[in-house]
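Undergrad: I'd like to ask some things about the structure below.
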Amino acid sequence: MVPLRATILSVLLVTAIIALTVSHHSRNSPSSAASTVAAESVDLRSSAHQAALAKHAHNASLGFGEIVYISMPDRTDRQDAMNLLASSSGLKLKLSPGVNGSDVSPKAIPDEAPQGIRPSVLGCYRAHANAWRYLLESDMDSILIFEDDLDWNPNIKNTMETLSMQMQNSKIRVKEPSDYERANAPYGLDWDILYLGSWRHGTHPDYRDVTQIWDDPDLPDSASLKGGSKYSLGQALRDYGLTDAELGKKRVLAPSYWTLKTTAYAITRQGAQRLLFLLSYVGNLKHGDIDQDITRLFEEGKLRGYTLTPPAFSQFKVGGTKDSDNVKEGTTTGGKGNLGGHNYFLKGSARQAMLDKLKLDNWEEYKRLREE
Ligand SMILES: *[C@@H]1O[C@H](CO)[C@@H](O)[C@H](O)[C@H]1NC(C)=O
Ligand SMILES: *[C@@H]1O[C@H](CO)[C@@H](O)[C@H](O)[C@H]1NC(C)=O
């Protein structure tokens with residue numbers, strides 16, 4: 001009796017496996033496999049699935065729903081530059097127009113904003129708030145927001161793929177990822193803001209050990225990170241527990257606490273909701289400068305962010321009046337031009353790579369052809 005029952009059971013088992021395999025194959029037809037993954041047919045915890053999801057970092061929006069960039073409508077020079085740079089890196093950007101604060105009605109100013117808030121500061125807040133709203137009006141899970149004076153490492157897609165693998169296996173999350181996150185979100189969705197291009201970095205003094213640390217080949221050399229000021233990248237990295245020998249070799253992801261500049265950051269839907277709720281609806285724009293208010297909300301624990309140190313994106317400075325839209329001047333003065341500009345804390349420069357890629361000596365090529 002026992003052997004017969006065992007045989008029936010194993011036949012049933014084999015049948016079940018065949019049925020599962022067939023349904024797995026039909027679900028993974030080329031058209032459906034690319035975007036969403038059917039949770040019941042794939043092992044969401046397998047490293048093969050994680051690696052495939054991390055590969056989304058190589059798409060035109062770096063694995064986020066979209067990349068939008070904020071630029072004042074009159075800065076067509078910067079828009080040209082951002083379009084050029086993005087196309088040269090295989091990225092797609094969507095313009096989100098900057099706002100002149102003089103056009104914001106006094107009634108629309110957040111209740112707790114400082115008296116006499118400068119139009120440029122107010123306009124900056126409004127432009128970012130419009131980008132947050134754009135996400136909520138869409139059905140995307142997250143967007144990456146750029147300002148219009150950026151540079152990044154030519155290897156940015158690999159950097160983001162590694163970041164995705166790290167975030168899929170994050171030890172610094174408060175909650176386990178949901179199946180939806182495991183299936184669809186290369187960077188998870190457990191954060192409001194993901195800071196990828198900030199300037200000052202500082203950790204919560206009581207939670208310095210809450211870090212995710214990994215080897216990364218695309219970091220600036222340690223000499224450029226070693227500055228000693230309280231909020232230098234070098235000091236931040238030491239506070240996260242890195243030794244001097246590890247500077248320039250390891251990247252750190254940690255809960256955002258002291259993080260300035262809105263150069264490049266991602267937000268989730270929940271992040272967009274919290275930001276609009278706290279800064280617009282409650283009106284808690286106490287400082288006025290959007291990055292200062294966001295970092296205060298991190299310190300108060302009302303927003304959840306992660307900061308990448310060293311950052312993956314940097315401002316690109318050309319000097320002179322072109323670097324700022326806060327001062328309106330008829331003519332530009334003192335700039336070095338795009339060819340003389342520089343970034344901060346990046347290994348290499350996508351702007352430089354673009355230059356090399358577009359360089360041409362047409363007649364020299366004809367000459368060589370004739371000589372052959
Ligand atoms: C890139 O990948 C993300 C995550 O899967 C996705 O939401 C987004 O639509 C993709 N973007 C493009 C341009 O394919
Ligand atoms: C904003 O608009 C005001 C009023 O139209 C104008 O005087 C000012 O120059 C504008 N500022 C910028 C930065 O465009």
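Each chain in the structure tokens gets a letter, A, B and so on, in the order shown; residues start at 1 in every chain, and ligands are counted from 1 in the order they appear.
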With DSSP run on the backbone, what are the strand (DSSP E or B) residues within segment 56-114 of chain A? I'd like them as a PDB file with C-alpha atoms, in the first residue's frame.
TA:
ATOM      1  CA  ILE A  67      13.782  61.984 -14.962  1.00  0.00           C
ATOM      2  CA  VAL A  68      12.507  65.558 -14.872  1.00  0.00           C
ATOM      3  CA  TYR A  69      14.738  68.599 -14.715  1.00  0.00           C
ATOM      4  CA  ILE A  70      13.899  72.050 -13.478  1.00  0.00           C
ATOM      5  CA  SER A  71      15.090  74.991 -15.523  1.00  0.00           C
ATOM      6  CA  LEU A  93      14.904  64.184 -19.532  1.00  0.00           C
ATOM      7  CA  LYS A  94      11.608  65.992 -19.272  1.00  0.00           C
ATOM      8  CA  LEU A  95      11.615  69.741 -18.670  1.00  0.00           C
ATOM      9  CA  SER A  96       9.757  71.003 -15.631  1.00  0.00           C
ATOM     10  CA  PRO A  97       9.767  74.804 -15.977  1.00  0.00           C
TER      11      PRO A  97
END
Undergrad: As a quick test: using only C-alpha atoms and all ligand atoms, which residues lie no more than 8 Å away from ligand 1? Give them as a list in words.
TA: Ser35, Thr36, Leu53, His56, Ala57, His58, Asn59, Ala60, Ser61, Leu62, Gly63, Phe64, Gly65, Glu66, Lys92, Met140, Asp141, Ser142, Asn184, Ala185 and Pro186 of chain A
Undergrad: Considering only C-alpha atoms, tabulate each residue of segment 65-177 of chain A that lies at most 12 Å from segment 297-320 of chain A along with its nearest interatomic pair and the corresponding distance in Å to one decimal; arrange the rows by chain and ascending residue number and present them as a tab-separated table.
TA:
residue	atom	partner	partner_atom	distance
A:Arg78	CA	A:Phe316	CA	10.7
A:Ala81	CA	A:Phe316	CA	10.8
A:Met82	CA	A:Phe316	CA	10.9
A:Leu85	CA	A:Phe316	CA	11.8
A:Leu144	CA	A:Phe313	CA	11.6
A:Ile145	CA	A:Phe313	CA	11.3
A:Phe146	CA	A:Phe313	CA	9.1
A:Glu147	CA	A:Gln315	CA	8.5
A:Asp148	CA	A:Gln315	CA	8.6
A:Asp149	CA	A:Phe316	CA	5.4
A:Leu150	CA	A:Gln315	CA	4.6
A:Asp151	CA	A:Ser314	CA	5.4
A:Trp152	CA	A:Phe313	CA	4.8
A:Asn153	CA	A:Ala312	CA	7.1
A:Pro154	CA	A:Ala312	CA	10.4
A:Asn155	CA	A:Ala312	CA	9.9
A:Ile156	CA	A:Ala312	CA	7.2
A:Lys157	CA	A:Ala312	CA	10.2
A:Asn158	CA	A:Ala312	CA	10.9
A:Thr159	CA	A:Ala312	CA	7.6
A:Met160	CA	A:Ala312	CA	8.4
A:Thr162	CA	A:Ala312	CA	11.7
A:Leu163	CA	A:Leu308	CA	9.0
A:Ser164	CA	A:Leu308	CA	12.0
A:Gln166	CA	A:Leu308	CA	11.5
A:Met167	CA	A:Tyr306	CA	10.2
A:Ser170	CA	A:Tyr306	CA	11.2
A:Ile172	CA	A:Tyr306	CA	9.4
A:Arg173	CA	A:Tyr306	CA	9.8
A:Val174	CA	A:Arg304	CA	10.3
Undergrad: Once you have the residues from the selection above, write them out as a PDB file, in the first residue's frame, restricted to C-alpha atoms.
TA:
ATOM      1  CA  ARG A  78      21.282  75.261 -19.819  1.00  0.00           C
ATOM      2  CA  ALA A  81      23.385  71.568 -22.324  1.00  0.00           C
ATOM      3  CA  MET A  82      21.184  69.183 -20.313  1.00  0.00           C
ATOM      4  CA  LEU A  85      24.473  65.659 -22.022  1.00  0.00           C
ATOM      5  CA  LEU A 144      14.325  61.524 -10.317  1.00  0.00           C
ATOM      6  CA  ILE A 145      14.507  65.327 -10.152  1.00  0.00           C
ATOM      7  CA  PHE A 146      17.496  67.225 -11.538  1.00  0.00           C
ATOM      8  CA  GLU A 147      18.353  70.890 -11.512  1.00  0.00           C
ATOM      9  CA  ASP A 148      19.725  72.204 -14.803  1.00  0.00           C
ATOM     10  CA  ASP A 149      23.447  72.535 -14.070  1.00  0.00           C
ATOM     11  CA  LEU A 150      24.514  68.920 -13.623  1.00  0.00           C
ATOM     12  CA  ASP A 151      27.354  66.609 -14.351  1.00  0.00           C
ATOM     13  CA  TRP A 152      27.772  62.923 -13.583  1.00  0.00           C
ATOM     14  CA  ASN A 153      30.254  60.147 -13.967  1.00  0.00           C
ATOM     15  CA  PRO A 154      30.330  58.555 -17.441  1.00  0.00           C
ATOM     16  CA  ASN A 155      29.766  55.219 -15.720  1.00  0.00           C
ATOM     17  CA  ILE A 156      26.579  56.426 -13.994  1.00  0.00           C
ATOM     18  CA  LYS A 157      24.427  53.488 -15.102  1.00  0.00           C
ATOM     19  CA  ASN A 158      26.742  50.976 -13.459  1.00  0.00           C
ATOM     20  CA  THR A 159      26.829  53.097 -10.321  1.00  0.00           C
ATOM     21  CA  MET A 160      23.024  53.049 -10.224  1.00  0.00           C
ATOM     22  CA  THR A 162      25.127  48.674  -7.952  1.00  0.00           C
ATOM     23  CA  LEU A 163      23.040  51.038  -5.833  1.00  0.00           C
ATOM     24  CA  SER A 164      19.943  49.062  -6.815  1.00  0.00           C
ATOM     25  CA  GLN A 166      22.488  47.345  -2.440  1.00  0.00           C
ATOM     26  CA  MET A 167      19.022  48.811  -1.866  1.00  0.00           C
ATOM     27  CA  SER A 170      19.386  46.939   2.326  1.00  0.00           C
ATOM     28  CA  ILE A 172      19.055  49.949   6.856  1.00  0.00           C
ATOM     29  CA  ARG A 173      15.364  49.626   6.057  1.00  0.00           C
ATOM     30  CA  VAL A 174      12.851  49.816   8.868  1.00  0.00           C
TER      31      VAL A 174
END
Undergrad: Atom CA of Ile294 of chain A to atom CA of Ser232 of chain A: how many Å, to one decimal?
TA: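 Interatomic distance, atom CA of Ile294 of chain A to atom CA of Ser232 of chain A: 19.3 Å.
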Undergrad: With a distance cut-off of 6 Å and only C-alpha atoms, select the neighbouring residues of segment 235-251 of chain A, excluding the residue or stretch itself and same-chain residues fewer than 6 positions from it, and output the selection as a VMD selection string.
TA: chain A and resid 201 to 202 208 213 to 216 219 to 222 309
Undergrad: Please write the residues from the selection above to a file, keeping C-alpha atoms, as a short mmCIF file (atom, residue, chain, number, x, y, z; two decimals), in the first residue's frame.
TA:
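Below you can see again.cif, which holds the result:
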data_model
loop_
_atom_site.label_atom_id
_atom_site.label_comp_id
_atom_site.auth_asym_id
_atom_site.auth_seq_id
_atom_site.Cartn_x
_atom_site.Cartn_y
_atom_site.Cartn_z
CA HIS A 201 26.53 65.34 4.41
CA GLY A 202 26.04 64.58 8.06
CA ARG A 208 26.00 56.55 12.90
CA ILE A 213 28.62 50.27 2.71
CA TRP A 214 30.02 48.77 -0.48
CA ASP A 215 33.03 48.82 -2.78
CA ASP A 216 32.59 51.08 -5.78
CA LEU A 219 34.71 57.15 -6.85
CA PRO A 220 36.92 60.26 -6.83
CA ASP A 221 40.35 59.71 -5.33
CA SER A 222 40.69 59.94 -1.59
CA THR A 309 27.97 59.56 -0.02
#
Undergrad: Need the shell around Pro114 of chain A: protein/DNA/RNA residues with any atom at most 7 Å away, counting only C-alpha atoms. Skip same-chain ones fewer than 2 positions apart. Format as number ranges by chain?
TA: A: 112, 116-117, 286-288
Undergrad: For the selection just defined, write its residues with N, CA and C atoms to a file, as an mmCIF file, in the first residue's frame.
TA:
data_model
loop_
_atom_site.group_PDB
_atom_site.id
_atom_site.type_symbol
_atom_site.label_atom_id
_atom_site.label_comp_id
_atom_site.auth_asym_id
_atom_site.auth_seq_id
_atom_site.Cartn_x
_atom_site.Cartn_y
_atom_site.Cartn_z
ATOM 1 N N GLU A 112 3.854 79.451 7.008
ATOM 2 C CA GLU A 112 4.955 79.703 7.939
ATOM 3 C C GLU A 112 6.214 80.204 7.255
ATOM 4 N N GLY A 116 8.709 88.438 3.935
ATOM 5 C CA GLY A 116 9.578 89.019 2.917
ATOM 6 C C GLY A 116 10.480 88.002 2.249
ATOM 7 N N ILE A 117 10.034 86.762 2.141
ATOM 8 C CA ILE A 117 10.810 85.713 1.453
ATOM 9 C C ILE A 117 11.174 86.194 0.049
ATOM 10 N N LYS A 286 9.608 77.055 6.915
ATOM 11 C CA LYS A 286 10.066 78.050 7.899
ATOM 12 C C LYS A 286 11.308 78.793 7.468
ATOM 13 N N HIS A 287 12.231 78.061 6.844
ATOM 14 C CA HIS A 287 13.479 78.690 6.435
ATOM 15 C C HIS A 287 13.287 79.428 5.118
ATOM 16 N N GLY A 288 12.528 78.798 4.226
ATOM 17 C CA GLY A 288 12.318 79.396 2.901
ATOM 18 C C GLY A 288 13.116 78.653 1.850
#
Undergrad: So which bits of segment 183-341 of chain A end up helix (DSSP H, G or I) when you DSSP the backbone, as a PyMOL selection string?
TA: chain A and resi 183-184+205-207+222-225+233-239+244-246+269-281+290-299+320-323+338-340
Undergrad: Counting only C-alpha atoms and all ligand atoms, which residue out of A:Ala54, A:Ala86, A:Leu122, A:Ala113 sits closest to ligand 2?
TA: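 Under the stated criterion, the closest residue is A:Leu122.
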Undergrad: When you count only C-alpha atoms and all ligand atoms, which of these residues is closest to ligand 2: A:Pro106, A:Gly90, A:Gly197, A:Gly123?
TA: A:Gly123
Undergrad: Need the shell around Gly188 of chain A: protein/DNA/RNA residues with any atom at most 9 Å away, counting only C-alpha atoms. Skip same-chain ones fewer than 6 positions apart. Format as a PyMOL selection string?
TA: chain A and resi 164+167-168+177-178+181-182
Undergrad: Grab the residues selected above and save them as a short mmCIF file (atom, residue, chain, number, x, y, z; two decimals), in the first residue's frame with N, CA and C atoms.
TA:
data_model
loop_
_atom_site.label_atom_id
_atom_site.label_comp_id
_atom_site.auth_asym_id
_atom_site.auth_seq_id
_atom_site.Cartn_x
_atom_site.Cartn_y
_atom_site.Cartn_z
N SER A 164 21.18 49.85 -6.84
CA SER A 164 19.94 49.06 -6.81
C SER A 164 20.15 47.73 -6.11
N MET A 167 20.30 48.43 -2.48
CA MET A 167 19.02 48.81 -1.87
C MET A 167 18.05 47.64 -1.84
N GLN A 168 18.18 46.71 -2.79
CA GLN A 168 17.32 45.52 -2.74
C GLN A 168 17.73 44.61 -1.57
N PRO A 177 10.92 44.67 2.53
CA PRO A 177 10.26 45.10 1.30
C PRO A 177 9.00 44.27 1.01
N SER A 178 7.98 44.92 0.46
CA SER A 178 6.77 44.20 0.04
C SER A 178 7.06 43.44 -1.25
N GLU A 181 7.36 45.88 -4.11
CA GLU A 181 8.68 46.50 -4.22
C GLU A 181 9.69 45.53 -4.82
N ARG A 182 9.69 44.30 -4.32
CA ARG A 182 10.65 43.31 -4.82
C ARG A 182 10.46 43.08 -6.31
#
Undergrad: Show me, as a VMD selection string, the residues that have an atom within 12 Å of segment 126-137 of chain A when counting only C-alpha atoms, minus same-chain residues fewer than 6 positions from it.
TA: chain A and resid 64 to 73 94 to 105 108 to 110 119 to 120 143 to 147 192 to 193 262 to 281 285 288 to 291 294
Undergrad: Can those selected residues be exported to a file as a PDB file, in the first residue's frame so that it contains C-alpha atoms?
TA:
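out_37.pdb, freshly written:
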ATOM      1  CA  PHE A  64      13.054  55.548 -11.986  1.00  0.00           C
ATOM      2  CA  GLY A  65       9.690  56.309 -13.611  1.00  0.00           C
ATOM      3  CA  GLU A  66      11.065  59.403 -15.354  1.00  0.00           C
ATOM      4  CA  ILE A  67      13.782  61.984 -14.962  1.00  0.00           C
ATOM      5  CA  VAL A  68      12.507  65.558 -14.872  1.00  0.00           C
ATOM      6  CA  TYR A  69      14.738  68.599 -14.715  1.00  0.00           C
ATOM      7  CA  ILE A  70      13.899  72.050 -13.478  1.00  0.00           C
ATOM      8  CA  SER A  71      15.090  74.991 -15.523  1.00  0.00           C
ATOM      9  CA  MET A  72      14.002  78.604 -15.741  1.00  0.00           C
ATOM     10  CA  PRO A  73      12.246  79.071 -19.100  1.00  0.00           C
ATOM     11  CA  LYS A  94      11.608  65.992 -19.272  1.00  0.00           C
ATOM     12  CA  LEU A  95      11.615  69.741 -18.670  1.00  0.00           C
ATOM     13  CA  SER A  96       9.757  71.003 -15.631  1.00  0.00           C
ATOM     14  CA  PRO A  97       9.767  74.804 -15.977  1.00  0.00           C
ATOM     15  CA  GLY A  98      11.293  76.854 -13.187  1.00  0.00           C
ATOM     16  CA  VAL A  99       9.121  79.488 -11.512  1.00  0.00           C
ATOM     17  CA  ASN A 100       9.755  83.188 -11.040  1.00  0.00           C
ATOM     18  CA  GLY A 101       8.727  83.814  -7.429  1.00  0.00           C
ATOM     19  CA  SER A 102       7.298  87.225  -8.394  1.00  0.00           C
ATOM     20  CA  ASP A 103       4.551  85.330 -10.179  1.00  0.00           C
ATOM     21  CA  VAL A 104       3.507  83.437  -7.032  1.00  0.00           C
ATOM     22  CA  SER A 105       0.447  85.059  -5.497  1.00  0.00           C
ATOM     23  CA  ALA A 108      -0.216  81.029  -2.241  1.00  0.00           C
ATOM     24  CA  ILE A 109       2.853  81.550  -0.047  1.00  0.00           C
ATOM     25  CA  PRO A 110       3.093  78.824   2.640  1.00  0.00           C
ATOM     26  CA  PRO A 119      11.195  85.842  -4.986  1.00  0.00           C
ATOM     27  CA  SER A 120      14.088  83.634  -6.153  1.00  0.00           C
ATOM     28  CA  ILE A 143      10.805  60.173 -10.332  1.00  0.00           C
ATOM     29  CA  LEU A 144      14.325  61.524 -10.317  1.00  0.00           C
ATOM     30  CA  ILE A 145      14.507  65.327 -10.152  1.00  0.00           C
ATOM     31  CA  PHE A 146      17.496  67.225 -11.538  1.00  0.00           C
ATOM     32  CA  GLU A 147      18.353  70.890 -11.512  1.00  0.00           C
ATOM     33  CA  ASP A 192      10.430  59.674   0.729  1.00  0.00           C
ATOM     34  CA  ILE A 193      13.607  61.132  -0.764  1.00  0.00           C
ATOM     35  CA  THR A 262      18.500  69.836  -4.327  1.00  0.00           C
ATOM     36  CA  THR A 263      20.864  69.178  -7.243  1.00  0.00           C
ATOM     37  CA  ALA A 264      19.651  65.608  -7.880  1.00  0.00           C
ATOM     38  CA  TYR A 265      17.203  63.617  -5.782  1.00  0.00           C
ATOM     39  CA  ALA A 266      14.516  61.034  -6.304  1.00  0.00           C
ATOM     40  CA  ILE A 267      11.112  61.023  -4.646  1.00  0.00           C
ATOM     41  CA  THR A 268       8.461  58.371  -4.220  1.00  0.00           C
ATOM     42  CA  ARG A 269       4.728  59.030  -4.340  1.00  0.00           C
ATOM     43  CA  GLN A 270       4.685  58.964  -0.559  1.00  0.00           C
ATOM     44  CA  GLY A 271       7.598  61.399  -0.533  1.00  0.00           C
ATOM     45  CA  ALA A 272       5.751  63.777  -2.860  1.00  0.00           C
ATOM     46  CA  GLN A 273       2.699  63.552  -0.596  1.00  0.00           C
ATOM     47  CA  ARG A 274       4.695  64.207   2.584  1.00  0.00           C
ATOM     48  CA  LEU A 275       6.577  67.137   1.040  1.00  0.00           C
ATOM     49  CA  LEU A 276       3.402  68.792  -0.246  1.00  0.00           C
ATOM     50  CA  PHE A 277       1.636  68.076   3.026  1.00  0.00           C
ATOM     51  CA  LEU A 278       4.372  69.449   5.278  1.00  0.00           C
ATOM     52  CA  LEU A 279       5.616  72.380   3.211  1.00  0.00           C
ATOM     53  CA  SER A 280       2.505  73.526   1.322  1.00  0.00           C
ATOM     54  CA  TYR A 281      -0.566  72.270   3.187  1.00  0.00           C
ATOM     55  CA  LEU A 285       8.436  76.364   4.906  1.00  0.00           C
ATOM     56  CA  GLY A 288      12.318  79.396   2.901  1.00  0.00           C
ATOM     57  CA  ASP A 289      15.232  77.686   1.168  1.00  0.00           C
ATOM     58  CA  ILE A 290      13.787  74.363   0.160  1.00  0.00           C
ATOM     59  CA  ASP A 291      16.885  72.269   0.944  1.00  0.00           C
ATOM     60  CA  ILE A 294      13.917  69.484   3.909  1.00  0.00           C
TER      61      ILE A 294
END
Undergrad: Can you work out the spacing between atom 1 (C, counted along the ligand's line) of ligand 2 and atom CA of Tyr125 of chain A in Å, to one decimal?
TA: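 About the pair atom 1 (C, counted along the ligand's line) of ligand 2 and atom CA of Tyr125 of chain A: they are 14.5 Å apart.
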Undergrad: Distance atom CA of Arg118 of chain A-atom 8 (C, counted along the ligand's line) of ligand 2, one decimal place?
TA: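 Between atom CA of Arg118 of chain A and atom 8 (C, counted along the ligand's line) of ligand 2 the gap is 11.5 Å.
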Undergrad: Which of these, A:Ser324, A:Gln115, A:Leu225, A:Pro255, has the shortest distance to ligand 2 once you count only C-alpha atoms and all ligand atoms?
TA: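 Selected residue with least distance to ligand 2: A:Ser324.
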